[in-house]
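To be precise, the following lines are structure.cif, and they hold mmCIF, C-alpha atoms.
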```cif
data_structure
#
loop_
_atom_site.group_PDB
_atom_site.id
_atom_site.type_symbol
_atom_site.label_atom_id
_atom_site.label_comp_id
_atom_site.auth_asym_id
_atom_site.auth_seq_id
_atom_site.Cartn_x
_atom_site.Cartn_y
_atom_site.Cartn_z
ATOM 1 C CA ASP D 1 36.950 -55.240 -12.244
ATOM 2 C CA TYR D 2 40.492 -55.576 -13.614
ATOM 3 C CA ALA D 3 40.722 -59.371 -13.918
ATOM 4 C CA PRO D 4 39.951 -60.863 -17.321
ATOM 5 C CA ARG D 5 36.853 -63.022 -17.380
ATOM 6 C CA GLU D 6 34.461 -64.708 -19.723
ATOM 7 C CA PHE D 7 31.102 -63.067 -20.420
ATOM 8 C CA SER D 8 28.008 -65.202 -20.446
ATOM 9 C CA ALA D 9 25.321 -64.731 -23.070
ATOM 10 C CA GLU D 10 23.264 -62.906 -20.435
ATOM 11 C CA ASP D 11 26.214 -60.563 -19.635
ATOM 12 C CA ALA D 12 26.659 -59.779 -23.348
ATOM 13 C CA ALA D 13 22.938 -59.076 -23.742
ATOM 14 C CA LEU D 14 23.017 -56.739 -20.735
ATOM 15 C CA LEU D 15 26.016 -54.863 -22.168
ATOM 16 C CA LYS D 16 24.240 -54.503 -25.521
ATOM 17 C CA ASP D 17 21.165 -53.110 -23.726
ATOM 18 C CA LEU D 18 23.371 -50.680 -21.809
ATOM 19 C CA ALA D 19 25.062 -49.548 -25.042
ATOM 20 C CA ARG D 20 21.656 -49.031 -26.709
ATOM 21 C CA MET D 21 20.489 -46.949 -23.732
ATOM 22 C CA ALA D 22 23.650 -44.813 -23.898
ATOM 23 C CA GLU D 23 23.152 -44.248 -27.648
ATOM 24 C CA GLN D 24 19.526 -43.252 -27.089
ATOM 25 C CA GLU D 25 20.540 -40.835 -24.322
ATOM 26 C CA LEU D 26 23.151 -39.200 -26.570
ATOM 27 C CA ALA D 27 20.601 -38.914 -29.394
ATOM 28 C CA ALA D 28 18.068 -37.343 -27.003
ATOM 29 C CA ILE D 29 20.641 -34.813 -25.806
ATOM 30 C CA GLN D 30 21.468 -33.903 -29.398
ATOM 31 C CA LEU D 31 17.789 -33.498 -30.280
ATOM 32 C CA ALA D 32 17.327 -31.261 -27.248
ATOM 33 C CA THR D 33 20.258 -28.970 -28.124
ATOM 34 C CA ILE D 34 20.368 -28.800 -31.947
ATOM 35 C CA ASP D 35 18.076 -26.811 -34.235
ATOM 36 C CA GLU D 36 16.966 -29.326 -36.865
ATOM 37 C CA LEU D 37 16.532 -26.762 -39.636
ATOM 38 C CA THR D 38 19.964 -25.106 -39.491
ATOM 39 C CA MET D 39 21.907 -27.773 -37.574
ATOM 40 C CA LEU D 40 23.203 -25.018 -35.309
ATOM 41 C CA CYS D 41 22.708 -25.077 -31.556
ATOM 42 C CA ASN D 42 19.232 -24.165 -30.400
ATOM 43 C CA ARG D 43 18.828 -21.726 -27.486
ATOM 44 C CA ARG D 44 19.321 -24.451 -24.862
ATOM 45 C CA GLY D 45 22.440 -25.813 -26.553
ATOM 46 C CA PHE D 46 23.828 -22.347 -27.219
ATOM 47 C CA GLU D 47 23.448 -21.282 -23.603
ATOM 48 C CA ALA D 48 24.979 -24.527 -22.298
ATOM 49 C CA LEU D 49 28.011 -24.347 -24.603
ATOM 50 C CA GLY D 50 28.231 -20.579 -24.128
ATOM 51 C CA ASP D 51 28.275 -20.867 -20.332
ATOM 52 C CA HIS D 52 31.095 -23.400 -20.593
ATOM 53 C CA ALA D 53 33.081 -21.166 -22.991
ATOM 54 C CA LEU D 54 32.537 -18.070 -20.832
ATOM 55 C CA GLY D 55 33.703 -20.021 -17.788
ATOM 56 C CA LEU D 56 36.968 -20.756 -19.603
ATOM 57 C CA CYS D 57 37.297 -17.123 -20.696
ATOM 58 C CA ARG D 58 36.714 -16.003 -17.119
ATOM 59 C CA ARG D 59 39.346 -18.391 -15.701
ATOM 60 C CA LEU D 60 41.944 -17.672 -18.386
ATOM 61 C CA ALA D 61 41.184 -13.918 -18.620
ATOM 62 C CA ARG D 62 40.441 -14.203 -22.354
ATOM 63 C CA PRO D 63 38.295 -11.726 -24.279
ATOM 64 C CA SER D 64 34.928 -12.791 -25.625
ATOM 65 C CA SER D 65 32.012 -11.087 -27.353
ATOM 66 C CA LEU D 66 28.501 -12.088 -28.255
ATOM 67 C CA LEU D 67 26.799 -11.180 -31.515
ATOM 68 C CA PHE D 68 23.007 -11.167 -31.552
ATOM 69 C CA ILE D 69 21.696 -11.251 -35.127
ATOM 70 C CA ASP D 70 18.127 -10.725 -36.286
ATOM 71 C CA LEU D 71 17.106 -11.172 -39.912
ATOM 72 C CA ASP D 72 15.445 -8.022 -41.212
ATOM 73 C CA ARG D 73 12.146 -8.256 -43.114
ATOM 74 C CA PHE D 74 12.007 -12.020 -42.671
ATOM 75 C CA LYS D 75 8.209 -11.990 -42.423
ATOM 76 C CA ALA D 76 8.115 -10.359 -45.859
ATOM 77 C CA ILE D 77 10.146 -13.272 -47.271
ATOM 78 C CA ASN D 78 7.620 -15.757 -45.889
ATOM 79 C CA ASP D 79 4.698 -13.647 -47.162
ATOM 80 C CA ARG D 80 6.138 -13.092 -50.638
ATOM 81 C CA PHE D 81 7.963 -16.354 -51.345
ATOM 82 C CA GLY D 82 6.330 -18.808 -48.925
ATOM 83 C CA HIS D 83 7.464 -20.573 -45.770
ATOM 84 C CA ALA D 84 9.523 -23.152 -47.683
ATOM 85 C CA GLU D 85 11.658 -20.315 -49.048
ATOM 86 C CA GLY D 86 11.820 -18.787 -45.569
ATOM 87 C CA ASP D 87 13.220 -22.104 -44.309
ATOM 88 C CA ARG D 88 15.773 -22.111 -47.146
ATOM 89 C CA VAL D 89 16.854 -18.597 -46.136
ATOM 90 C CA LEU D 90 17.287 -19.709 -42.506
ATOM 91 C CA ARG D 91 19.343 -22.731 -43.611
ATOM 92 C CA ARG D 92 21.379 -20.550 -45.966
ATOM 93 C CA PHE D 93 22.092 -18.003 -43.238
ATOM 94 C CA GLY D 94 23.103 -20.783 -40.829
ATOM 95 C CA ALA D 95 25.524 -22.113 -43.456
ATOM 96 C CA LEU D 96 26.928 -18.598 -43.979
ATOM 97 C CA LEU D 97 27.558 -18.296 -40.241
ATOM 98 C CA LYS D 98 29.428 -21.630 -40.273
ATOM 99 C CA GLU D 99 31.458 -20.446 -43.266
ATOM 100 C CA THR D 100 32.296 -17.090 -41.674
ATOM 101 C CA PHE D 101 33.096 -17.907 -38.074
ATOM 102 C CA ARG D 102 35.735 -20.132 -36.516
ATOM 103 C CA GLU D 103 35.211 -23.684 -35.320
ATOM 104 C CA SER D 104 35.937 -22.490 -31.787
ATOM 105 C CA ASP D 105 33.027 -20.012 -31.867
ATOM 106 C CA VAL D 106 29.608 -21.063 -30.592
ATOM 107 C CA LEU D 107 26.831 -20.628 -33.186
ATOM 108 C CA GLY D 108 23.133 -20.835 -32.508
ATOM 109 C CA ARG D 109 19.684 -20.234 -33.890
ATOM 110 C CA ILE D 110 18.050 -18.769 -30.825
ATOM 111 C CA GLY D 111 14.538 -18.776 -32.208
ATOM 112 C CA GLY D 112 12.569 -17.784 -35.290
ATOM 113 C CA ASP D 113 14.857 -15.508 -37.277
ATOM 114 C CA GLU D 114 17.293 -14.768 -34.431
ATOM 115 C CA PHE D 115 20.834 -16.088 -34.304
ATOM 116 C CA ALA D 116 23.736 -15.661 -31.891
ATOM 117 C CA VAL D 117 27.472 -16.160 -32.099
ATOM 118 C CA LEU D 118 29.795 -16.298 -29.105
ATOM 119 C CA VAL D 119 33.233 -15.287 -30.327
ATOM 120 C CA THR D 120 35.938 -16.304 -27.882
ATOM 121 C CA ASN D 121 39.546 -15.207 -27.606
ATOM 122 C CA ALA D 122 39.112 -12.364 -30.094
ATOM 123 C CA VAL D 123 40.090 -8.741 -29.590
ATOM 124 C CA PRO D 124 37.863 -5.930 -30.990
ATOM 125 C CA GLY D 125 39.847 -5.772 -34.259
ATOM 126 C CA ASP D 126 39.249 -9.488 -34.813
ATOM 127 C CA LEU D 127 35.541 -8.992 -34.206
ATOM 128 C CA ASP D 128 35.397 -6.156 -36.753
ATOM 129 C CA GLU D 129 37.149 -8.403 -39.271
ATOM 130 C CA LEU D 130 34.657 -11.227 -38.649
ATOM 131 C CA LEU D 131 31.696 -8.848 -39.026
ATOM 132 C CA ASP D 132 33.154 -7.516 -42.300
ATOM 133 C CA ARG D 133 33.645 -11.084 -43.500
ATOM 134 C CA LEU D 134 30.013 -11.914 -42.626
ATOM 135 C CA LYS D 135 28.849 -8.837 -44.525
ATOM 136 C CA GLY D 136 30.830 -9.912 -47.614
ATOM 137 C CA THR D 137 29.722 -13.528 -47.382
ATOM 138 C CA VAL D 138 26.062 -12.538 -47.115
ATOM 139 C CA ALA D 139 26.392 -10.039 -49.986
ATOM 140 C CA ALA D 140 27.953 -12.717 -52.225
ATOM 141 C CA SER D 141 25.196 -15.157 -51.283
ATOM 142 C CA ASN D 142 22.517 -12.557 -52.061
ATOM 143 C CA ARG D 143 24.046 -11.930 -55.510
ATOM 144 C CA SER D 144 23.957 -15.636 -56.342
ATOM 145 C CA ALA D 145 20.550 -16.424 -54.796
ATOM 146 C CA ARG D 146 18.075 -17.626 -57.368
ATOM 147 C CA SER D 147 14.863 -16.884 -55.514
ATOM 148 C CA GLY D 148 15.313 -13.161 -55.033
ATOM 149 C CA ALA D 149 14.888 -13.569 -51.280
ATOM 150 C CA GLU D 150 17.622 -11.281 -50.032
ATOM 151 C CA ILE D 151 19.165 -11.812 -46.593
ATOM 152 C CA LEU D 152 19.273 -8.599 -44.599
ATOM 153 C CA TYR D 153 20.201 -8.512 -40.941
ATOM 154 C CA SER D 154 20.861 -6.358 -37.919
ATOM 155 C CA VAL D 155 23.551 -7.283 -35.439
ATOM 156 C CA GLY D 156 24.362 -6.221 -31.918
ATOM 157 C CA ALA D 157 27.753 -6.933 -30.401
ATOM 158 C CA PHE D 158 28.613 -6.822 -26.730
ATOM 159 C CA ALA D 159 31.920 -7.654 -25.042
ATOM 160 C CA PHE D 160 31.918 -10.128 -22.175
ATOM 161 C CA ASP D 161 32.497 -8.518 -18.772
ATOM 162 C CA PRO D 162 32.991 -11.162 -16.060
ATOM 163 C CA ASN D 163 31.780 -8.707 -13.420
ATOM 164 C CA ARG D 164 28.570 -7.948 -15.322
ATOM 165 C CA HIS D 165 27.710 -11.187 -17.109
ATOM 166 C CA ALA D 166 27.145 -14.200 -14.878
ATOM 167 C CA SER D 167 25.849 -16.237 -17.823
ATOM 168 C CA THR D 168 25.464 -16.388 -21.575
ATOM 169 C CA SER D 169 21.840 -15.267 -21.260
ATOM 170 C CA ALA D 170 22.946 -12.061 -19.462
ATOM 171 C CA LEU D 171 25.473 -11.320 -22.208
ATOM 172 C CA MET D 172 22.867 -12.183 -24.846
ATOM 173 C CA ALA D 173 20.426 -9.657 -23.339
ATOM 174 C CA ASP D 174 22.996 -6.853 -23.709
ATOM 175 C CA ALA D 175 23.855 -7.845 -27.286
ATOM 176 C CA ASP D 176 20.119 -8.098 -28.100
ATOM 177 C CA GLU D 177 19.638 -4.532 -26.867
ATOM 178 C CA GLN D 178 22.469 -3.359 -29.145
ATOM 179 C CA MET D 179 20.912 -5.216 -32.083
ATOM 180 C CA TYR D 180 17.546 -3.606 -31.413
ATOM 181 C CA ARG D 181 19.174 -0.145 -31.460
ATOM 182 C CA GLN D 182 20.754 -0.906 -34.836
ATOM 183 C CA LYS D 183 17.431 -2.156 -36.211
ATOM 184 C CA GLN D 184 15.642 1.001 -34.982
ATOM 185 C CA ALA D 185 18.332 3.231 -36.543
ATOM 186 C CA LYS D 186 17.884 1.437 -39.873
ATOM 187 C CA ARG D 187 14.120 1.939 -39.708
ATOM 188 C CA ARG D 188 14.521 5.656 -38.973
ATOM 189 C CA ALA D 189 16.964 6.014 -41.854
ATOM 190 C CA ASN D 190 14.535 4.300 -44.264
ATOM 191 C CA ASP D 191 11.458 6.153 -42.993
ATOM 192 C CA PRO D 192 12.617 9.617 -41.821
ATOM 193 C CA ARG D 193 9.204 11.027 -40.833
#
```

Written form, structure tokens:
Amino acid sequence: DYAPREFSAEDAALLKDLARMAEQELAAIQLATIDELTMLCNRRGFEALGDHALGLCRRLARPSSLLFIDLDRFKAINDRFGHAEGDRVLRRFGALLKETFRESDVLGRIGGDEFAVLVTNAVPGDLDELLDRLKGTVAASNRSARSGAEILYSVGAFAFDPNRHASTSALMADADEQMYRQKQAKRRANDPR
């Protein structure tokens, strides 16, 4: 109501309970959408934020692309250096993504050693520049890493087509397929039987 009034002790207690419930709900939503290890979005959070961003791109006719990134030879890092070092590599790669991409881009750890980035309002030249920057940032990190656990990755990029991609997951599937092709090409180049 709009009229000023005095709150009783019971009213104040009820408002405090309501505030506590709202805080708990916000904390639960954050836990459900954030990857604790990297502090990036998890798959659920990435798809929710991605769907919102793609909706804006669709309405405003803005370009958008999705990068699907898979760490190469990650199992070997866990086997050789241990799972604690594998976790450090995942955290390090998440930090490198934050350092490389813009605040307006949606970053996520989709699962295991897979990451995704939704780059909005960027033309193909911008995307190439961001991928080159990621390559340089990762190379610099590998040179300064103390453990010897080198970050290697494959990436697939796919441009958003509003007529083809009804959701972030549809766009992610196309970018994942591109990433898989790059990974297979790398394997063939390293093992040309």

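Interatomic distance, atom CA of Leu67 of chain D to atom CA of Val155 of chain D: 6.4 Å.
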
Quick one, how far is atom CA of Ile77 of chain D from atom CA of Ala149 of chain D?
6.2 Å

Using all atoms listed in the file, find each residue of segment 69-157 of chain D with at least one atom at most 10 Å away from an atom of segment 166-188 of chain D; report its shortest atom-to-atom pair and that distance in Å (one decimal), sort the rows by chain and rising residue number, and return the result as CSV.
```
residue,atom,partner,partner_atom,distance
D:Ile69,CA,D:Met179,CA,6.8
D:Asp70,CA,D:Met179,CA,7.5
D:Leu71,CA,D:Lys183,CA,9.8
D:Asp72,CA,D:Lys183,CA,8.0
D:Glu114,CA,D:Asp176,CA,9.6
D:Ala116,CA,D:Met172,CA,7.9
D:Val117,CA,D:Met172,CA,9.5
D:Leu118,CA,D:Thr168,CA,8.7
D:Tyr153,CA,D:Lys183,CA,8.4
D:Ser154,CA,D:Lys183,CA,5.7
D:Val155,CA,D:Met179,CA,4.7
D:Gly156,CA,D:Met179,CA,3.6
D:Ala157,CA,D:Ala175,CA,5.1
```

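Note that the spacing between atom CA of Ala53 of chain D and atom CA of Thr100 of chain D amounts to 19.1 Å.
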
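The residues caught by the PyMOL selection byres ((chain D and resi 57) around 12) in this file are Gly50, Asp51, His52, Ala53, Leu54, Gly55, Leu56, Arg58, Arg59, Leu60, Ala61, Arg62, Pro63, Ser64, Ser65, Leu118, Val119, Thr120, Asn121, Ala122, Ala159, Phe160, Asp161, Pro162, His165, Ser167 and Thr168 of chain D.
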
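Of the listed residues D:Ala3, D:Leu127, D:Ala84, D:Leu37, the one whose atoms come nearest to Arg109 of chain D is D:Leu37, with distances taken using only C-alpha atoms.
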
Check the smallest atom-to-atom distance from each of D:Arg80, D:Arg73, D:Ala189, D:Glu103 to Ile151 of chain D using only C-alpha atoms, then report the winner.
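When distances to Ile151 of chain D are compared using only C-alpha atoms, the smallest one comes from D:Arg73.
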
For the provided coordinates, the residues matched by the PyMOL selection byres ((chain D and resi 90) around 10) should be stated as a ChimeraX atom specification.
/D:37-38,71,74,84-89,91-96,109,112-115,151

Picked residues, the PyMOL selection byres ((chain D and resi 141) around 12), expected as a PyMOL selection string
chain D and resi 89+92-93+95-97+99+134-140+142-152

File dump, residues just selected, C-alpha atoms, as a JSON list (two decimals), in the coordinates of the input:
```
[["chain", "number", "residue", "atom", "x", "y", "z"],
["D", 89, "VAL", "CA", 16.85, -18.60, -46.14],
["D", 92, "ARG", "CA", 21.38, -20.55, -45.97],
["D", 93, "PHE", "CA", 22.09, -18.00, -43.24],
["D", 95, "ALA", "CA", 25.52, -22.11, -43.46],
["D", 96, "LEU", "CA", 26.93, -18.60, -43.98],
["D", 97, "LEU", "CA", 27.56, -18.30, -40.24],
["D", 99, "GLU", "CA", 31.46, -20.45, -43.27],
["D", 134, "LEU", "CA", 30.01, -11.91, -42.63],
["D", 135, "LYS", "CA", 28.85, -8.84, -44.52],
["D", 136, "GLY", "CA", 30.83, -9.91, -47.61],
["D", 137, "THR", "CA", 29.72, -13.53, -47.38],
["D", 138, "VAL", "CA", 26.06, -12.54, -47.12],
["D", 139, "ALA", "CA", 26.39, -10.04, -49.99],
["D", 140, "ALA", "CA", 27.95, -12.72, -52.22],
["D", 142, "ASN", "CA", 22.52, -12.56, -52.06],
["D", 143, "ARG", "CA", 24.05, -11.93, -55.51],
["D", 144, "SER", "CA", 23.96, -15.64, -56.34],
["D", 145, "ALA", "CA", 20.55, -16.42, -54.80],
["D", 146, "ARG", "CA", 18.08, -17.63, -57.37],
["D", 147, "SER", "CA", 14.86, -16.88, -55.51],
["D", 148, "GLY", "CA", 15.31, -13.16, -55.03],
["D", 149, "ALA", "CA", 14.89, -13.57, -51.28],
["D", 150, "GLU", "CA", 17.62, -11.28, -50.03],
["D", 151, "ILE", "CA", 19.16, -11.81, -46.59],
["D", 152, "LEU", "CA", 19.27, -8.60, -44.60]]
```

Selection: 6 Å around Leu40 of chain D, all atoms listed in the file, excl. self and same-chain fewer than 5 positions, as a PyMOL selection string
chain D and resi 34-35+108
